[in-house]
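Input: a single structure, listed below in structure tokens.
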Amino acid sequence: MAHDRSVCVRKVRQWVHRFGHSVLNDPGNGIIGVGIGRKSAGSIDDDSALCVTGFVERKLSKKELKARAVPEFGAAFKAVSGSAPSEQDLEIDVVEAGSTFSATPALRVAQSQRGSFGGPPPSVDLQKRFEAIRGGIGITNPVGSYPEFLSVGTLGFFVSDAAGRRYLVSNNHVIANENDARKGNAIVQPGTLDLTDTELEMMDTLDRLRDRLRIAKLSAWVEIVFPTDSSVEFNEVDCAIAELEQDRRSIAEIGRVGLGGVSRGLAPRYRIDTESGRVRGSPRVYKAGRTTGWTEGEVVALEVMVDVEYGAGVARFRNQIAIRPTQDNGGPFSAAGDSGSGIYNAEHKLVALLFAGSATRTLANPATSVIRALGGALGRGDLTVAGG
Amino acid sequence: VADSGKRRARALPRDAITYDDVRSALRSQCADILKQIPCENVQLSLPLDGKGPRIRVSVQTVDLDRIPDTVEVTIRRRRLAVPLEAVDDYEAFKAQ
């Protein structure tokens, strides 16, 4: 079977390479492109027969072809290669392209037409259901709140323990509900706030939601310590970890960040150049998050001590990283729903875990602190960041 | 934006204070530092603007004049006066 398939691939490829340009050289046949495709005109990976695909601007009926004296693709095929597709044991198909193919810079219009071609700004949809999970996408812990309340945060990054078990990492307040969770709670993707009306109807109970969207189970978290009447303690991390469940989604892309970047493991803690008073290396950072997508920022302060407002109260943090958007970013570095995002440096190495923000700045836990704290909370030895 | 706040200008004493000293102070002695700053709404940080080792103290405008020039800390058995820079750019942070 495998042999038959490889023979077929070779025959189609040879035909396209040998005769494709001849097909295009005949303007009378209406063919604007020739390639290798599937009979289904769908994904090149599907199970339908491999075929020689001819692209046309618009598909015409046999009657229209005859009226315009345009040969069918089969005839054009025979004209350039000497015999019909069936005689060469090849399949053919015609696909409507909708227009001629043009290079992207063709979007050059008169000034009077300004505004007519803008369209929405390019963006990536990190709120949808992902078959291949990766950092930067929406997740939540719905236990105890769904369906009355809907929620979403961001899946930050992935780690593995010494035994090879894989985990996702996000904030405590995203997947451990500000200390109000139980080990084993289901983590679902996408977040329940991003479900459509139809999906909410289909998954109208927690059990149905878990059955369909569960990707991991909560393993451990670091408690967020809130002030008491007698003391105000410092927090250093807002993080939690959940073990990926077998065979729920593909883990082939866990080294990726959103739809574009890649993770190259853990960066060392920031060091300061004593001469310049700036961080060594680049202060530039990036993140992919459920709400604001891919954004660019720069580290403006280290060792930040700050009070942060949660649903359960105000918690005090120290040793945090402060980030503001770069001038080119054109918006905030983060917004509500981005919590849990992994933040990467210019070398694509993980530097921090996003957890809070103000009108102008974002706060993040140093990644080294997160990995150390989660390793302790989990109790399964050292953790390794995926992609390293 | 974080740099646009009103500052109280001070000559920053640079003798003997290093970035590592300020970092160590903020990492391990936040509680002691806060006790020396008579304000409720305070944020502390180590700015990375190349203008010298110091603790940046973000407060509301009304508290700007209540911030002392230095705080006393003990780093590696040395008693040091770490300079403070008061800036009225305090803003509330929320978990996102």
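Residue numbering restarts at 1 in every chain; chains get A, B, ... in the order shown in the structure tokens, and ligands count up from 1 in that same order.
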Backbone DSSP call of strand (DSSP E) for chain B, listed as number ranges by chain: B: 43-47, 55-58, 70-75, 78-87, 93-95
Same residues, C-alpha atoms, output as a PDB file, in the first residue's frame:
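What follows is the written file again_35.pdb:
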```
ATOM      1  CA  GLN B  43       5.371  50.604  45.678  1.00  0.00           C
ATOM      2  CA  LEU B  44       9.111  49.934  45.703  1.00  0.00           C
ATOM      3  CA  SER B  45      11.298  49.005  42.774  1.00  0.00           C
ATOM      4  CA  LEU B  46      14.786  49.006  41.337  1.00  0.00           C
ATOM      5  CA  PRO B  47      14.575  51.188  38.211  1.00  0.00           C
ATOM      6  CA  ILE B  55      15.048  52.473  45.400  1.00  0.00           C
ATOM      7  CA  ARG B  56      12.245  54.074  43.489  1.00  0.00           C
ATOM      8  CA  VAL B  57       9.276  54.804  45.764  1.00  0.00           C
ATOM      9  CA  SER B  58       5.998  55.206  43.883  1.00  0.00           C
ATOM     10  CA  THR B  70      17.314  57.242  52.522  1.00  0.00           C
ATOM     11  CA  VAL B  71      16.459  54.052  54.336  1.00  0.00           C
ATOM     12  CA  GLU B  72      18.832  52.103  56.553  1.00  0.00           C
ATOM     13  CA  VAL B  73      19.473  48.478  55.720  1.00  0.00           C
ATOM     14  CA  THR B  74      22.023  45.853  56.660  1.00  0.00           C
ATOM     15  CA  ILE B  75      23.582  44.086  53.707  1.00  0.00           C
ATOM     16  CA  ARG B  78      27.305  46.379  56.416  1.00  0.00           C
ATOM     17  CA  ARG B  79      24.932  49.072  57.580  1.00  0.00           C
ATOM     18  CA  LEU B  80      24.007  51.126  54.497  1.00  0.00           C
ATOM     19  CA  ALA B  81      21.867  54.134  53.729  1.00  0.00           C
ATOM     20  CA  VAL B  82      20.106  53.328  50.462  1.00  0.00           C
ATOM     21  CA  PRO B  83      18.914  56.418  48.581  1.00  0.00           C
ATOM     22  CA  LEU B  84      15.223  56.746  47.779  1.00  0.00           C
ATOM     23  CA  GLU B  85      13.680  58.437  44.756  1.00  0.00           C
ATOM     24  CA  ALA B  86      10.091  59.503  45.394  1.00  0.00           C
ATOM     25  CA  VAL B  87       7.812  59.566  42.330  1.00  0.00           C
ATOM     26  CA  PHE B  93      -2.510  46.780  40.254  1.00  0.00           C
ATOM     27  CA  LYS B  94      -5.073  44.054  39.750  1.00  0.00           C
ATOM     28  CA  ALA B  95      -4.703  40.367  39.088  1.00  0.00           C
TER      29      ALA B  95
END
```
Non-local contacts of Arg278 in chain A (8 Å; only C-alpha atoms; under 6 positions in same chain excluded) as a list in words: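 My reading of the contact set: Ile272 of chain A; Leu48, Asp49 and Gly50 of chain B.
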Please produce a file of those selected residues containing C-alpha atoms, as a PDB file, in the first residue's frame.
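After the write, out_10.pdb holds the following:
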```pdb
ATOM      1  CA  ILE A 272      22.277  44.226  36.022  1.00  0.00           C
TER       2      ILE A 272
ATOM      3  CA  LEU B  48      16.612  50.161  35.170  1.00  0.00           C
ATOM      4  CA  ASP B  49      17.148  53.612  33.692  1.00  0.00           C
ATOM      5  CA  GLY B  50      20.899  53.845  34.216  1.00  0.00           C
TER       6      GLY B  50
END
```
Those in range 7-86 of chain B with alpha helix (DSSP H) from DSSP, as a ChimeraX atom specification: /B:19-28,30-35
Can you write just those residues out, C-alpha atoms, as a compact mmCIF listing (two decimals), in the first residue's frame?
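Output saved as result-v2.txt:
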```txt
# COMPACT_ATOMS: atom_id res chain seq x y z
CA TYR B 19 22.99 47.74 42.30
CA ASP B 20 23.55 44.44 44.07
CA ASP B 21 23.09 46.18 47.43
CA VAL B 22 19.77 47.68 46.35
CA ARG B 23 18.67 44.37 44.91
CA SER B 24 19.54 42.53 48.07
CA ALA B 25 17.72 45.12 50.16
CA LEU B 26 14.56 44.79 48.11
CA ARG B 27 14.73 41.02 47.96
CA SER B 28 15.19 40.42 51.66
CA CYS B 30 11.18 44.93 52.24
CA ALA B 31 9.47 44.80 55.63
CA ASP B 32 12.21 46.88 57.28
CA ILE B 33 12.21 49.36 54.42
CA LEU B 34 8.45 49.81 54.59
CA LYS B 35 8.65 50.54 58.31
```
Selection: 10 Å around Gly255 in chain A, only C-alpha atoms, excl. self and same-chain fewer than 3 positions, as a list in words: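 Residues near the query, excluding close chain neighbours: Ile133, Arg134, Gly135, Phe157, Phe158, Val159, Ile251, Ala252, Gly258, Gly261, Val262, Ser263, Arg264, Gly265, Val385, Ala386, Gly387 and Gly388 of chain A.
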Proximal residues of chain A relative to chain B (only C-alpha atoms; 6 Å) as a PyMOL selection string: chain A and resi 276-278+300-306+308-310+319+336-337+339+355-358
Dump of all heavy atoms for the selected residues, as a short mmCIF file (atom, residue, chain, number, x, y, z; two decimals), in the first residue's frame:
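The new file out09.cif reads:
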```cif
data_model
loop_
_atom_site.label_atom_id
_atom_site.label_comp_id
_atom_site.auth_asym_id
_atom_site.auth_seq_id
_atom_site.Cartn_x
_atom_site.Cartn_y
_atom_site.Cartn_z
N SER A 276 26.20 50.40 33.20
CA SER A 276 25.07 51.11 32.55
C SER A 276 23.84 51.21 33.45
O SER A 276 22.98 52.07 33.25
CB SER A 276 24.69 50.40 31.26
OG SER A 276 24.09 49.15 31.55
N GLY A 277 23.77 50.36 34.44
CA GLY A 277 22.57 50.36 35.29
C GLY A 277 21.35 49.78 34.59
O GLY A 277 20.22 50.01 35.00
N ARG A 278 21.58 49.03 33.53
CA ARG A 278 20.47 48.39 32.81
C ARG A 278 20.67 46.88 32.85
O ARG A 278 21.74 46.40 33.21
CB ARG A 278 20.42 48.89 31.37
CG ARG A 278 20.21 50.41 31.29
CD ARG A 278 20.27 50.91 29.87
NE ARG A 278 20.39 52.37 29.83
CZ ARG A 278 19.39 53.21 29.96
NH1 ARG A 278 18.17 52.76 30.11
NH2 ARG A 278 19.59 54.51 29.94
N VAL A 300 11.20 47.41 32.86
CA VAL A 300 11.59 48.74 33.33
C VAL A 300 12.02 48.74 34.80
O VAL A 300 12.63 49.71 35.26
CB VAL A 300 10.46 49.78 33.13
CG1 VAL A 300 10.27 50.06 31.66
CG2 VAL A 300 9.16 49.32 33.77
N ALA A 301 11.68 47.69 35.55
CA ALA A 301 12.11 47.65 36.95
C ALA A 301 12.16 46.21 37.43
O ALA A 301 11.40 45.36 36.97
CB ALA A 301 11.16 48.46 37.82
N LEU A 302 13.09 45.97 38.36
CA LEU A 302 13.20 44.65 39.00
C LEU A 302 12.94 44.81 40.49
O LEU A 302 12.92 45.91 41.02
CB LEU A 302 14.61 44.08 38.78
CG LEU A 302 15.03 43.75 37.36
CD1 LEU A 302 16.48 43.26 37.35
CD2 LEU A 302 14.11 42.71 36.73
N GLU A 303 12.77 43.68 41.14
CA GLU A 303 12.59 43.63 42.60
C GLU A 303 11.44 44.54 43.05
O GLU A 303 11.53 45.24 44.05
CB GLU A 303 13.89 44.02 43.34
CG GLU A 303 15.16 43.43 42.78
CD GLU A 303 15.19 41.92 42.74
OE1 GLU A 303 14.30 41.30 43.31
OE2 GLU A 303 16.10 41.37 42.10
N VAL A 304 10.36 44.53 42.30
CA VAL A 304 9.24 45.42 42.61
C VAL A 304 8.46 44.88 43.81
O VAL A 304 8.13 43.69 43.86
CB VAL A 304 8.31 45.55 41.39
CG1 VAL A 304 7.14 46.47 41.72
CG2 VAL A 304 9.08 46.06 40.19
N MET A 305 8.16 45.78 44.76
CA MET A 305 7.27 45.44 45.86
C MET A 305 5.97 46.18 45.65
O MET A 305 5.97 47.41 45.45
CB MET A 305 7.90 45.86 47.19
CG MET A 305 7.14 45.33 48.38
SD MET A 305 6.55 46.55 49.57
CE MET A 305 5.57 47.69 48.69
N VAL A 306 4.85 45.46 45.72
CA VAL A 306 3.60 46.07 45.29
C VAL A 306 2.42 45.31 45.89
O VAL A 306 2.52 44.12 46.17
CB VAL A 306 3.53 46.04 43.74
CG1 VAL A 306 3.54 44.64 43.20
CG2 VAL A 306 2.36 46.81 43.21
N VAL A 308 -1.36 43.93 45.26
CA VAL A 308 -2.15 43.52 44.09
C VAL A 308 -3.55 43.11 44.53
O VAL A 308 -3.71 42.35 45.49
CB VAL A 308 -1.48 42.36 43.33
CG1 VAL A 308 -2.35 41.87 42.18
CG2 VAL A 308 -0.12 42.79 42.81
N GLU A 309 -4.53 43.62 43.83
CA GLU A 309 -5.92 43.37 44.18
C GLU A 309 -6.41 42.06 43.54
O GLU A 309 -6.30 41.88 42.33
CB GLU A 309 -6.76 44.54 43.67
CG GLU A 309 -8.17 44.57 44.19
CD GLU A 309 -8.92 45.78 43.63
OE1 GLU A 309 -8.30 46.85 43.44
OE2 GLU A 309 -10.12 45.63 43.36
N TYR A 310 -6.96 41.18 44.39
CA TYR A 310 -7.58 39.93 43.94
C TYR A 310 -9.05 39.93 44.33
O TYR A 310 -9.49 40.78 45.10
CB TYR A 310 -6.90 38.73 44.62
CG TYR A 310 -5.54 38.37 44.07
CD1 TYR A 310 -4.40 39.00 44.55
CD2 TYR A 310 -5.39 37.40 43.09
CE1 TYR A 310 -3.15 38.69 44.06
CE2 TYR A 310 -4.15 37.08 42.59
CZ TYR A 310 -3.03 37.72 43.07
OH TYR A 310 -1.79 37.39 42.58
N ASN A 319 9.86 41.26 44.85
CA ASN A 319 10.75 40.63 43.86
C ASN A 319 10.06 40.36 42.52
O ASN A 319 10.26 39.32 41.90
CB ASN A 319 11.33 39.31 44.41
CG ASN A 319 12.10 39.54 45.70
OD1 ASN A 319 12.56 40.66 45.95
ND2 ASN A 319 12.22 38.52 46.52
N ALA A 336 -6.94 42.00 31.19
CA ALA A 336 -7.62 40.91 31.90
C ALA A 336 -7.81 39.71 30.98
O ALA A 336 -8.29 39.87 29.85
CB ALA A 336 -8.96 41.40 32.42
N GLY A 337 -7.46 38.53 31.47
CA GLY A 337 -7.52 37.31 30.65
C GLY A 337 -6.16 36.86 30.18
O GLY A 337 -5.99 35.74 29.72
N SER A 339 -3.59 36.79 32.23
CA SER A 339 -2.89 36.21 33.39
C SER A 339 -2.50 34.78 33.12
O SER A 339 -3.31 33.98 32.62
CB SER A 339 -3.80 36.25 34.62
OG SER A 339 -3.55 37.40 35.37
N PHE A 355 1.02 38.06 35.79
CA PHE A 355 -0.09 37.82 36.72
C PHE A 355 -0.91 39.05 37.05
O PHE A 355 -2.02 38.91 37.58
CB PHE A 355 0.40 37.17 38.01
CG PHE A 355 1.04 38.12 39.00
CD1 PHE A 355 0.39 38.46 40.16
CD2 PHE A 355 2.29 38.66 38.76
CE1 PHE A 355 0.97 39.33 41.09
CE2 PHE A 355 2.88 39.53 39.67
CZ PHE A 355 2.22 39.85 40.83
N ALA A 356 -0.42 40.26 36.81
CA ALA A 356 -1.20 41.44 37.23
C ALA A 356 -0.84 42.63 36.34
O ALA A 356 0.16 42.62 35.63
CB ALA A 356 -0.92 41.77 38.69
N GLY A 357 -1.67 43.64 36.42
CA GLY A 357 -1.39 44.83 35.62
C GLY A 357 -2.09 46.05 36.17
O GLY A 357 -3.04 45.96 36.95
N SER A 358 -1.59 47.21 35.77
CA SER A 358 -2.22 48.50 36.08
C SER A 358 -2.58 49.13 34.75
O SER A 358 -2.53 48.47 33.70
CB SER A 358 -1.24 49.38 36.85
OG SER A 358 -0.18 49.76 35.99
#
```
Residue neighbourhood Asp307 in chain A, 7 Å, only C-alpha atoms, exclusion window fewer than 6 positions, as a ChimeraX atom specification: /A:314-317 /B:93
Atom-to-atom span, CA of Trp294 in chain A and CA of Ile254 in chain A, Å: 16.7 Å
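Distance-wise, CA of Ser86 in chain A and CA of Thr53 in chain A end up 14.6 Å apart.
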Near-Ser48 in chain A list (8 Å; only C-alpha atoms; drop same-chain fewer than 3 positions) as a ChimeraX atom specification: /A:38-40
I need the residues from that last selection saved to file as a CSV table (one decimal), in the first residue's frame (with N, CA and C atoms), if you can.
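After the write, again-v2.csv holds the following:
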```
chain,number,residue,atom,x,y,z
A,38,ARG,N,-5.6,17.0,-3.8
A,38,ARG,CA,-6.5,15.8,-3.5
A,38,ARG,C,-7.8,16.0,-4.3
A,39,LYS,N,-8.4,14.9,-4.6
A,39,LYS,CA,-9.6,14.8,-5.3
A,39,LYS,C,-10.7,15.6,-4.6
A,40,SER,N,-10.6,15.6,-3.2
A,40,SER,CA,-11.6,16.3,-2.4
A,40,SER,C,-11.4,17.8,-2.5
```
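If only C-alpha atoms are the atoms counted, then among A:Ser151, A:Ser219, A:Thr100, A:Gln246 the closest residue to Gly184 in chain A is A:Ser219.
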Spatial neighbours of Ser160 in chain A, max dist 12 Å, only C-alpha atoms, sep filter under 3 positions, as number ranges by chain: A: 157, 163-169, 241-244, 254-255, 265, 371, 374-375, 378, 380-388
d(CA of Ala132 in chain A, CA of Arg249 in chain A) in Å: 6.0 Å
